[in-house]
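Undergrad: Here you go, this is final.cif (mmCIF, C-alpha atoms).
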```cif
data_final
#
loop_
_atom_site.label_atom_id
_atom_site.label_comp_id
_atom_site.auth_asym_id
_atom_site.auth_seq_id
_atom_site.Cartn_x
_atom_site.Cartn_y
_atom_site.Cartn_z
CA MET N 1 -8.16 1.85 -2.60
CA ASP N 2 -9.23 5.21 -4.04
CA VAL N 3 -6.56 7.90 -4.37
CA THR N 4 -7.36 11.54 -5.09
CA ILE N 5 -4.84 14.36 -5.47
CA GLN N 6 -5.86 17.99 -5.07
CA SER N 7 -3.66 21.07 -5.20
CA SER N 8 -4.28 23.41 -2.28
CA SER N 9 -4.14 27.18 -2.43
CA GLN N 10 -0.67 27.05 -0.87
CA GLY N 11 0.65 24.99 -3.77
CA VAL N 12 0.75 21.81 -1.77
CA ALA N 13 -0.95 18.67 -3.05
CA VAL N 14 -3.36 16.93 -0.68
CA VAL N 15 -3.50 13.18 -1.30
CA GLY N 16 -6.73 11.61 -0.11
CA LEU N 17 -6.75 7.86 0.47
CA VAL N 18 -9.89 5.78 0.95
CA GLY N 19 -9.67 2.14 2.05
CA ARG N 20 -7.07 -0.18 3.51
CA LEU N 21 -3.45 0.78 2.86
CA ASP N 22 -1.84 -2.65 2.81
CA LEU N 23 0.06 -5.08 0.61
CA LEU N 24 -2.86 -5.07 -1.81
CA SER N 25 -2.90 -1.31 -2.39
CA ALA N 26 0.56 -0.09 -1.38
CA TRP N 27 2.18 -0.42 -4.79
CA ALA N 28 -0.48 1.73 -6.46
CA VAL N 29 -0.24 4.38 -3.74
CA LYS N 30 3.55 4.41 -4.03
CA GLU N 31 3.23 4.96 -7.78
CA ARG N 32 0.68 7.75 -7.36
CA LEU N 33 2.88 9.57 -4.84
CA ALA N 34 5.89 9.27 -7.15
CA ALA N 35 3.80 10.54 -10.07
CA ALA N 36 2.59 13.52 -8.02
CA VAL N 37 6.19 14.48 -7.24
CA ALA N 38 7.18 14.03 -10.89
CA GLU N 39 4.33 16.37 -11.85
CA GLY N 40 5.82 19.08 -9.65
CA HIS N 41 4.17 18.54 -6.29
CA GLN N 42 7.22 18.45 -4.06
CA ARG N 43 5.13 19.00 -0.93
CA LEU N 44 2.45 16.43 -0.16
CA VAL N 45 -0.08 16.07 2.64
CA VAL N 46 -1.49 12.54 2.88
CA ASP N 47 -4.99 12.58 4.38
CA LEU N 48 -5.53 9.33 6.32
CA ARG N 49 -9.03 10.02 7.68
CA ASN N 50 -10.58 7.32 5.48
CA VAL N 51 -7.87 4.72 6.01
CA PRO N 52 -9.16 2.31 8.67
CA PHE N 53 -6.14 0.01 8.42
CA MET N 54 -2.48 0.35 7.43
CA ASP N 55 0.22 -2.33 7.53
CA SER N 56 3.98 -2.40 6.96
CA SER N 57 3.53 -2.25 3.18
CA GLY N 58 1.44 0.89 3.59
CA LEU N 59 4.14 2.39 5.78
CA ALA N 60 6.69 1.55 3.11
CA ALA N 61 4.58 3.37 0.51
CA LEU N 62 4.51 6.48 2.69
CA ILE N 63 8.27 6.27 3.29
CA SER N 64 8.82 5.95 -0.44
CA GLY N 65 6.71 9.05 -0.98
CA LEU N 66 8.67 10.87 1.72
CA LYS N 67 11.96 10.00 0.01
CA ALA N 68 10.62 11.15 -3.36
CA THR N 69 9.48 14.52 -2.01
CA ARG N 70 12.73 15.15 -0.12
CA LEU N 71 14.83 14.24 -3.16
CA ALA N 72 12.84 16.89 -5.02
CA GLY N 73 13.51 19.43 -2.28
CA GLY N 74 10.11 19.09 -0.60
CA ASP N 75 8.53 17.05 2.17
CA LEU N 76 5.58 14.79 3.02
CA ARG N 77 3.22 15.15 5.97
CA VAL N 78 0.33 12.99 7.12
CA ALA N 79 -2.93 14.28 8.57
CA CYS N 80 -6.05 12.95 10.25
CA ALA N 81 -4.60 9.59 11.25
CA THR N 82 -7.25 7.15 12.44
CA ASP N 83 -6.75 5.19 15.67
CA GLN N 84 -5.15 2.28 13.82
CA THR N 85 -2.92 4.32 11.53
CA ALA N 86 -1.85 6.50 14.46
CA MET N 87 -0.94 3.34 16.37
CA ILE N 88 1.33 1.99 13.64
CA LEU N 89 2.92 5.40 13.01
CA GLU N 90 3.72 5.70 16.71
CA LEU N 91 4.99 2.12 16.97
CA THR N 92 7.54 2.86 14.27
CA ASN N 93 8.21 6.47 15.35
CA LEU N 94 7.25 7.53 11.85
CA ASN N 95 4.83 10.06 13.31
CA ARG N 96 7.95 12.08 14.16
CA VAL N 97 9.66 11.55 10.83
CA LEU N 98 6.61 12.25 8.70
CA GLY N 99 5.02 14.88 10.86
CA SER N 100 1.53 13.78 11.87
CA TYR N 101 -1.12 16.51 12.08
CA GLY N 102 -4.64 16.46 13.46
CA THR N 103 -6.18 18.16 10.44
CA VAL N 104 -5.27 18.86 6.84
CA GLU N 105 -5.39 22.57 7.62
CA GLU N 106 -2.81 22.13 10.38
CA ALA N 107 -0.57 20.16 8.02
CA LEU N 108 -0.87 22.87 5.38
CA ALA N 109 -0.07 25.68 7.81
CA GLY N 110 3.50 26.82 7.30
CA PHE N 111 4.23 24.01 4.84
CA MET A 1 -12.23 -21.83 23.70
CA LEU A 2 -15.13 -19.39 23.50
CA VAL A 3 -15.28 -18.26 19.88
CA GLU A 4 -13.72 -19.61 16.67
CA GLU A 5 -13.51 -18.36 13.09
CA THR A 6 -11.73 -20.14 10.26
CA LEU A 7 -10.73 -19.37 6.69
CA VAL A 8 -9.16 -21.49 3.94
CA GLY A 9 -8.11 -19.80 0.74
CA PRO A 10 -5.49 -19.40 -1.96
CA ALA A 11 -2.30 -17.56 -1.02
CA VAL A 12 -2.96 -14.63 -3.35
CA LEU A 13 -3.08 -10.90 -2.70
CA LEU A 14 -6.85 -10.62 -3.07
CA GLU A 15 -7.33 -13.14 -0.29
CA LEU A 16 -6.19 -10.46 2.16
CA ASP A 17 -9.72 -9.05 1.83
CA ALA A 18 -11.02 -12.39 3.08
CA VAL A 19 -8.58 -12.30 5.99
CA HIS A 20 -9.90 -8.92 7.11
CA ALA A 21 -13.48 -10.14 6.64
CA ALA A 22 -12.72 -13.19 8.81
CA ILE A 23 -11.22 -10.99 11.52
CA GLY A 24 -14.34 -8.81 11.34
CA ARG A 25 -16.61 -11.86 11.75
CA PHE A 26 -14.46 -13.06 14.65
CA PHE A 27 -14.80 -9.82 16.58
CA GLY A 28 -18.48 -9.64 15.65
CA ALA A 29 -19.03 -13.06 17.18
CA ILE A 30 -17.08 -12.04 20.29
CA ASP A 31 -19.25 -8.94 20.70
CA ARG A 32 -22.42 -11.03 20.45
CA THR A 33 -21.40 -13.78 22.80
CA THR A 34 -18.91 -12.72 25.45
CA SER A 35 -18.23 -10.21 28.15
CA PRO A 36 -15.99 -8.41 28.86
CA ARG A 37 -15.04 -7.51 25.32
CA PRO A 38 -11.42 -7.05 24.25
CA ALA A 39 -10.28 -3.44 24.32
CA ALA A 40 -9.97 -1.53 21.06
CA GLU A 41 -6.17 -1.40 21.40
CA THR A 42 -6.06 -5.19 21.85
CA ARG A 43 -8.17 -5.72 18.74
CA MET A 44 -6.02 -3.38 16.66
CA ALA A 45 -2.83 -5.08 17.79
CA PHE A 46 -4.21 -8.56 17.07
CA THR A 47 -5.58 -7.51 13.69
CA LEU A 48 -2.26 -5.98 12.66
CA GLY A 49 -0.29 -9.03 13.75
CA VAL A 50 -2.56 -11.49 11.94
CA ALA A 51 -2.68 -9.32 8.81
CA GLU A 52 1.12 -8.98 8.71
CA ILE A 53 1.70 -12.72 8.92
CA ALA A 54 -1.03 -13.40 6.35
CA ALA A 55 0.58 -10.85 4.02
CA ASN A 56 3.92 -12.53 4.58
CA ILE A 57 2.45 -15.89 3.53
CA VAL A 58 0.75 -14.41 0.46
CA HIS A 59 3.94 -12.62 -0.54
CA HIS A 60 6.58 -15.23 0.18
CA ALA A 61 5.23 -18.76 0.84
CA TYR A 62 4.78 -19.80 -2.79
CA PRO A 63 7.45 -18.10 -4.92
CA PRO A 64 7.62 -18.87 -8.66
CA PRO A 65 7.85 -21.43 -10.15
CA LEU A 66 5.95 -22.99 -7.25
CA ALA A 67 2.22 -23.30 -7.89
CA ILE A 68 0.08 -21.07 -5.66
CA GLY A 69 -1.11 -23.11 -2.71
CA GLU A 70 -3.59 -22.64 0.08
CA PHE A 71 -3.25 -21.18 3.50
CA LYS A 72 -5.47 -21.67 6.52
CA LEU A 73 -6.36 -19.20 9.21
CA ARG A 74 -7.95 -20.12 12.54
CA LEU A 75 -8.88 -17.45 15.04
CA ARG A 76 -9.87 -18.32 18.59
CA LEU A 77 -10.89 -16.50 21.72
CA TYR A 78 -9.84 -18.10 24.99
CA PRO A 79 -10.65 -16.67 28.43
CA ASP A 80 -7.17 -15.17 28.68
CA ARG A 81 -6.13 -14.48 25.08
CA LEU A 82 -6.81 -13.97 21.40
CA ASP A 83 -5.14 -16.78 19.48
CA ALA A 84 -4.41 -17.20 15.76
CA LEU A 85 -2.96 -20.10 13.81
CA LEU A 86 -1.87 -19.66 10.19
CA ILE A 87 -0.80 -22.69 8.18
CA ASP A 88 0.67 -23.09 4.68
CA ARG A 89 2.57 -25.71 2.73
CA GLY A 90 4.94 -23.31 1.02
CA VAL A 91 8.68 -22.86 1.31
CA PRO A 92 10.23 -22.62 4.78
CA PHE A 93 10.23 -19.17 6.32
CA VAL A 94 13.70 -17.67 6.47
CA GLU A 95 14.33 -14.79 8.82
CA PRO A 96 15.34 -11.76 6.74
CA GLU A 97 19.02 -10.99 7.18
CA THR A 98 18.48 -7.31 6.55
CA ALA A 99 17.23 -5.27 9.48
CA ALA A 100 13.77 -3.87 8.87
CA ASP A 101 14.96 -0.32 9.10
CA SER A 102 18.21 -0.64 7.19
CA GLY A 103 16.67 0.52 3.93
CA SER A 104 19.05 -1.59 1.88
CA GLY A 105 18.47 -4.37 -0.56
CA ASP A 106 15.79 -4.64 -3.23
CA ASP A 107 13.01 -5.25 -0.70
CA PRO A 108 13.76 -2.86 2.17
CA GLU A 109 10.45 -3.40 3.94
CA ARG A 110 11.06 -7.17 4.15
CA GLY A 111 11.09 -7.96 7.82
CA LEU A 112 9.22 -4.86 8.93
CA GLY A 113 5.89 -6.70 8.99
CA LEU A 114 7.25 -9.47 11.17
CA ALA A 115 8.89 -6.92 13.46
CA LEU A 116 5.55 -5.15 13.85
CA ALA A 117 3.77 -8.43 14.60
CA ARG A 118 6.36 -9.23 17.27
CA ARG A 119 6.01 -5.74 18.71
CA THR A 120 2.22 -5.80 18.96
CA LEU A 121 1.61 -9.43 19.95
CA ASP A 122 2.67 -11.36 23.03
CA ARG A 123 3.73 -14.47 21.14
CA VAL A 124 4.78 -15.05 17.52
CA VAL A 125 5.97 -18.62 17.11
CA TYR A 126 7.02 -20.12 13.77
CA THR A 127 7.53 -23.85 13.31
CA ARG A 128 7.85 -26.12 10.29
CA ASP A 129 6.80 -29.69 10.85
CA PRO A 130 8.43 -32.80 9.28
CA ALA A 131 5.64 -32.94 6.68
CA GLY A 132 6.72 -29.55 5.33
CA VAL A 133 3.89 -27.52 6.82
CA ASN A 134 4.55 -24.01 8.13
CA HIS A 135 2.75 -23.03 11.36
CA TRP A 136 2.48 -19.51 12.71
CA TRP A 137 1.01 -19.30 16.21
CA LEU A 138 0.09 -15.82 17.37
CA VAL A 139 -1.14 -14.78 20.81
CA LYS A 140 -2.43 -11.51 22.20
CA ARG A 141 -3.21 -11.65 25.90
CA LEU A 142 -6.41 -10.03 27.13
#
```
Show me the file's structure as structure tokens.

TA:
Amino acid sequence: MDVTIQSSSQGVAVVGLVGRLDLLSAWAVKERLAAAVAEGHQRLVVDLRNVPFMDSSGLAALISGLKATRLAGGDLRVACATDQTAMILELTNLNRVLGSYGTVEEALAGF
Amino acid sequence: MLVEETLVGPAVLLELDAVHAAIGRFFGAIDRTTSPRPAAETRMAFTLGVAEIAANIVHHAYPPPLAIGEFKLRLRLYPDRLDALLIDRGVPFVEPETAADSGSGDDPERGLGLALARRTLDRVVYTRDPAGVNHWWLVKRL
């Protein structure tokens, strides 16, 4: 899985993921999210538009990132969920906890 | 049985790519040979359930110092259901004592995958036969 991190004009980091977010990639994503927080990005938007599949390990990576941001006084939002990632977020009610937005711009607004 | 796809491979993380490829071939064969085709929601639910159980096998079936063994995956389409069988010769599956959402322990997500499989599929049946073989039978009704 490819992970890119870009700071937005609002001082929020947008994390772009490309590929399956599963047991194979979750550890690396978890580490990258933790590193982003450690580097001062307490507010993260995870862009899921290029994630065709996410499993429970991927969810755990996002939850870990959420905990890291909140411990640092920030928060984590997800944007552009695909059909499959939206399904698993809704199944677990994490769409409410994480805040799931249709676009990155919507996630950035008021963040 | 209308369509079948099988996979035999080592129970290692990288083999999860092969599992997804096998599921892709399975649905490709269904699209070429049958009608009506399973709905997108049905495919997503089946894929998630199969992938979660495969990940569980890769993660837990052959703990050290056990040598890495094989697992088998068989996917079938019947007129009324999508059906998967996953087989390994690893340690017996033990239901996690910790609730999936408790967040405690050193592996808090342990159990979440199985809970998701049970939520999305119509049947998730685990058995271990007298020869020490683990069987996971998964069903998603059409």

Undergrad: Of the candidates N:Gly58, N:Gly19, N:Gly102, N:Gly65, which one gets nearest to Ala81 of chain N if we count only C-alpha atoms?

TA: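 Smallest distance to Ala81 of chain N is found for N:Gly102.
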
Undergrad: Out of N:Tyr101, N:Phe53, N:Phe111, N:Trp27, which residue has the shortest atom-to-atom distance to chain A when counting all atoms listed in the file?

TA: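 Ranked by minimum distance to chain A, first place goes to N:Phe53.
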
Undergrad: Between N:Ile5, N:Val37, N:Leu24, N:Ala86, which has the minimum distance to chain A (counting all atoms listed in the file)?

TA: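 The closest residue to chain A is N:Leu24.
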
Undergrad: Quick one: residues within 12 Å of Val29 of chain N, all atoms listed in the file counted, chain neighbours fewer than 6 positions away excluded, as number ranges by chain?

TA: N: 1-5, 15-23, 35-36, 46, 57-65

Undergrad: I need the residue set behind the PyMOL selection byres ((chain A) within 7 of (chain N)) for this file; please write it as an MDAnalysis selection string.

TA: chainID A and resid 13:14 44 48 52 55 109 112:113

Undergrad: Suppose a student applies the PyMOL selection byres ((chain A and resi 86-95) around 10) to this structure; what residues should they get, written as a JSON list (two decimals) with C-alpha atoms, in the coordinates of the input?

TA:
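Listing of out.json after writing:
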```json
[["chain", "number", "residue", "atom", "x", "y", "z"],
["A", 6, "THR", "CA", -11.73, -20.14, 10.26],
["A", 7, "LEU", "CA", -10.73, -19.37, 6.69],
["A", 8, "VAL", "CA", -9.16, -21.49, 3.94],
["A", 10, "PRO", "CA", -5.49, -19.40, -1.96],
["A", 11, "ALA", "CA", -2.30, -17.56, -1.02],
["A", 50, "VAL", "CA", -2.56, -11.49, 11.94],
["A", 53, "ILE", "CA", 1.70, -12.72, 8.92],
["A", 54, "ALA", "CA", -1.03, -13.40, 6.35],
["A", 56, "ASN", "CA", 3.92, -12.53, 4.58],
["A", 57, "ILE", "CA", 2.45, -15.89, 3.53],
["A", 58, "VAL", "CA", 0.75, -14.41, 0.46],
["A", 60, "HIS", "CA", 6.58, -15.23, 0.18],
["A", 61, "ALA", "CA", 5.23, -18.76, 0.84],
["A", 62, "TYR", "CA", 4.78, -19.80, -2.79],
["A", 63, "PRO", "CA", 7.45, -18.10, -4.92],
["A", 66, "LEU", "CA", 5.95, -22.99, -7.25],
["A", 67, "ALA", "CA", 2.22, -23.30, -7.89],
["A", 68, "ILE", "CA", 0.08, -21.07, -5.66],
["A", 69, "GLY", "CA", -1.11, -23.11, -2.71],
["A", 70, "GLU", "CA", -3.59, -22.64, 0.08],
["A", 71, "PHE", "CA", -3.25, -21.18, 3.50],
["A", 72, "LYS", "CA", -5.47, -21.67, 6.52],
["A", 73, "LEU", "CA", -6.36, -19.20, 9.21],
["A", 74, "ARG", "CA", -7.95, -20.12, 12.54],
["A", 75, "LEU", "CA", -8.88, -17.45, 15.04],
["A", 84, "ALA", "CA", -4.41, -17.20, 15.76],
["A", 85, "LEU", "CA", -2.96, -20.10, 13.81],
["A", 96, "PRO", "CA", 15.34, -11.76, 6.74],
["A", 97, "GLU", "CA", 19.02, -10.99, 7.18],
["A", 98, "THR", "CA", 18.48, -7.31, 6.55],
["A", 99, "ALA", "CA", 17.23, -5.27, 9.48],
["A", 110, "ARG", "CA", 11.06, -7.17, 4.15],
["A", 111, "GLY", "CA", 11.09, -7.96, 7.82],
["A", 114, "LEU", "CA", 7.25, -9.47, 11.17],
["A", 126, "TYR", "CA", 7.02, -20.12, 13.77],
["A", 127, "THR", "CA", 7.53, -23.85, 13.31],
["A", 128, "ARG", "CA", 7.85, -26.12, 10.29],
["A", 129, "ASP", "CA", 6.80, -29.69, 10.85],
["A", 131, "ALA", "CA", 5.64, -32.94, 6.68],
["A", 132, "GLY", "CA", 6.72, -29.55, 5.33],
["A", 133, "VAL", "CA", 3.89, -27.52, 6.82],
["A", 134, "ASN", "CA", 4.55, -24.01, 8.13],
["A", 135, "HIS", "CA", 2.75, -23.03, 11.36],
["A", 136, "TRP", "CA", 2.48, -19.51, 12.71],
["A", 137, "TRP", "CA", 1.01, -19.30, 16.21],
["A", 138, "LEU", "CA", 0.09, -15.82, 17.37]]
```

Undergrad: For Arg37 of chain A, which residue out of A:Leu77, A:Ile23, A:Leu116, A:Met1 is the nearest one, using only C-alpha atoms?

TA: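 Smallest separation from Arg37 of chain A among the options: A:Leu77.
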
Undergrad: Contacts of segment 25-35 of chain A at 7 Å or less, counting all atoms listed in the file, minus same-chain residues fewer than 4 places along, as JSON, numbers by chain?

TA: {"A": [3, 4, 5, 21]}

Undergrad: For the atom pair atom CA of His41 of chain N and atom CA of Gly99 of chain N, what is the interatomic distance in Å to one decimal place?

TA: 17.6 Å

Undergrad: Using atom CA of Leu98 of chain N and atom CA of Leu44 of chain N as the two end points, give the distance in Å to one decimal.

TA: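 Result for atom CA of Leu98 of chain N versus atom CA of Leu44 of chain N: 10.6 Å, one decimal.
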
Undergrad: Of the residues N:Thr69, N:Asn50, N:Gln6, N:Thr103, which is the one nearest to Leu33 of chain N, using only C-alpha atoms?

TA: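 Using only C-alpha atoms, the shortest distance to Leu33 of chain N belongs to N:Thr69.
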
Undergrad: Find the residues near Asp80 of chain A: any atom within 10 Å, counting only C-alpha atoms, skip ones fewer than 5 places away on the same chain, and give them as a list in words.

TA: Met1, Val139, Lys140, Arg141 and Leu142 of chain A

Undergrad: Pull C-alpha atoms from the residues just selected and write them as an mmCIF file, keeping the file's coordinate frame.

TA:
```cif
data_model
loop_
_atom_site.group_PDB
_atom_site.id
_atom_site.type_symbol
_atom_site.label_atom_id
_atom_site.label_comp_id
_atom_site.auth_asym_id
_atom_site.auth_seq_id
_atom_site.Cartn_x
_atom_site.Cartn_y
_atom_site.Cartn_z
ATOM 1 C CA MET A 1 -12.230 -21.830 23.700
ATOM 2 C CA VAL A 139 -1.140 -14.780 20.810
ATOM 3 C CA LYS A 140 -2.430 -11.510 22.200
ATOM 4 C CA ARG A 141 -3.210 -11.650 25.900
ATOM 5 C CA LEU A 142 -6.410 -10.030 27.130
#
```

Undergrad: Run the PyMOL selection byres ((chain N and resi 45) around 8) mentally over the shown coordinates, then write out the matched residues as a PyMOL selection string, using the chain letters and numbers from the document.

TA: chain N and resi 12-15+43-44+46-47+76-79+104+107-108

Undergrad: Would you work out the distance separating atom CA of Asp17 of chain A from atom CA of Thr47 of chain A, expressed in Å to one decimal?

TA: 12.7 Å

Undergrad: With all atoms listed in the file as the basis for distance, which of N:Glu39, N:Ala26, N:Arg96, N:Arg49 is at the shortest distance from Thr82 of chain N?

TA: N:Arg49

Undergrad: Box for segment 52-62 of chain A - axis-aligned, 4 Å on each of the six sides, all listed atoms - centre and size in Å to one decimal, as JSON.

TA:
```
{"center_x": 2.8, "center_y": -14.4, "center_z": 3.1, "size_x": 15.6, "size_y": 18.8, "size_z": 19.7}
```

Undergrad: Just need segment 15-41 of chain A in a file, please: N, CA and C atoms, as a short mmCIF file (atom, residue, chain, number, x, y, z; two decimals), in the first residue's frame.

TA:
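part.cif, written as the output of this step:
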```
data_model
loop_
_atom_site.label_atom_id
_atom_site.label_comp_id
_atom_site.auth_asym_id
_atom_site.auth_seq_id
_atom_site.Cartn_x
_atom_site.Cartn_y
_atom_site.Cartn_z
N GLU A 15 0.24 -14.33 1.15
CA GLU A 15 -0.73 -15.17 0.47
C GLU A 15 -2.11 -14.53 0.45
N LEU A 16 -2.32 -13.49 1.27
CA LEU A 16 -3.61 -12.80 1.23
C LEU A 16 -3.84 -12.16 -0.14
N ASP A 17 -2.76 -11.79 -0.83
CA ASP A 17 -2.91 -11.29 -2.21
C ASP A 17 -3.52 -12.39 -3.08
N ALA A 18 -3.05 -13.62 -2.89
CA ALA A 18 -3.57 -14.74 -3.68
C ALA A 18 -5.04 -15.02 -3.36
N VAL A 19 -5.40 -14.81 -2.10
CA VAL A 19 -6.81 -15.01 -1.71
C VAL A 19 -7.70 -14.01 -2.46
N HIS A 20 -7.29 -12.76 -2.48
CA HIS A 20 -8.09 -11.75 -3.18
C HIS A 20 -8.11 -12.04 -4.69
N ALA A 21 -6.98 -12.51 -5.22
CA ALA A 21 -6.95 -12.85 -6.65
C ALA A 21 -7.91 -14.00 -6.94
N ALA A 22 -7.94 -14.98 -6.04
CA ALA A 22 -8.85 -16.13 -6.23
C ALA A 22 -10.31 -15.67 -6.17
N ILE A 23 -10.62 -14.79 -5.24
CA ILE A 23 -11.99 -14.27 -5.15
C ILE A 23 -12.33 -13.51 -6.44
N GLY A 24 -11.37 -12.75 -6.95
CA GLY A 24 -11.59 -12.03 -8.20
C GLY A 24 -11.86 -12.97 -9.37
N ARG A 25 -11.09 -14.07 -9.45
CA ARG A 25 -11.31 -15.07 -10.52
C ARG A 25 -12.68 -15.72 -10.36
N PHE A 26 -13.06 -15.98 -9.12
CA PHE A 26 -14.35 -16.61 -8.82
C PHE A 26 -15.49 -15.74 -9.34
N PHE A 27 -15.47 -14.47 -8.99
CA PHE A 27 -16.56 -13.60 -9.45
C PHE A 27 -16.47 -13.37 -10.97
N GLY A 28 -15.25 -13.38 -11.50
CA GLY A 28 -15.11 -13.25 -12.95
C GLY A 28 -15.77 -14.42 -13.67
N ALA A 29 -15.55 -15.63 -13.13
CA ALA A 29 -16.16 -16.82 -13.72
C ALA A 29 -17.68 -16.77 -13.59
N ILE A 30 -18.16 -16.30 -12.46
CA ILE A 30 -19.61 -16.17 -12.26
C ILE A 30 -20.20 -15.23 -13.32
N ASP A 31 -19.52 -14.10 -13.52
CA ASP A 31 -20.04 -13.11 -14.47
C ASP A 31 -20.06 -13.64 -15.90
N ARG A 32 -19.14 -14.56 -16.20
CA ARG A 32 -19.09 -15.10 -17.57
C ARG A 32 -20.08 -16.23 -17.80
N THR A 33 -20.51 -16.87 -16.70
CA THR A 33 -21.24 -18.11 -16.91
C THR A 33 -22.66 -18.15 -16.37
N THR A 34 -23.03 -17.23 -15.50
CA THR A 34 -24.33 -17.39 -14.85
C THR A 34 -25.17 -16.12 -14.93
N SER A 35 -26.44 -16.31 -14.69
CA SER A 35 -27.37 -15.21 -14.59
C SER A 35 -28.53 -15.66 -13.70
N PRO A 36 -29.03 -14.89 -12.77
CA PRO A 36 -28.59 -13.53 -12.48
C PRO A 36 -27.29 -13.52 -11.68
N ARG A 37 -26.63 -12.40 -11.71
CA ARG A 37 -25.36 -12.26 -11.00
C ARG A 37 -25.59 -11.77 -9.58
N PRO A 38 -24.75 -12.23 -8.65
CA PRO A 38 -24.90 -11.75 -7.27
C PRO A 38 -24.78 -10.23 -7.19
N ALA A 39 -25.57 -9.64 -6.31
CA ALA A 39 -25.54 -8.19 -6.15
C ALA A 39 -24.20 -7.74 -5.58
N ALA A 40 -23.88 -6.48 -5.82
CA ALA A 40 -22.60 -5.94 -5.35
C ALA A 40 -22.47 -6.06 -3.84
N GLU A 41 -23.57 -5.82 -3.11
CA GLU A 41 -23.52 -5.91 -1.65
C GLU A 41 -23.23 -7.35 -1.20
#
```
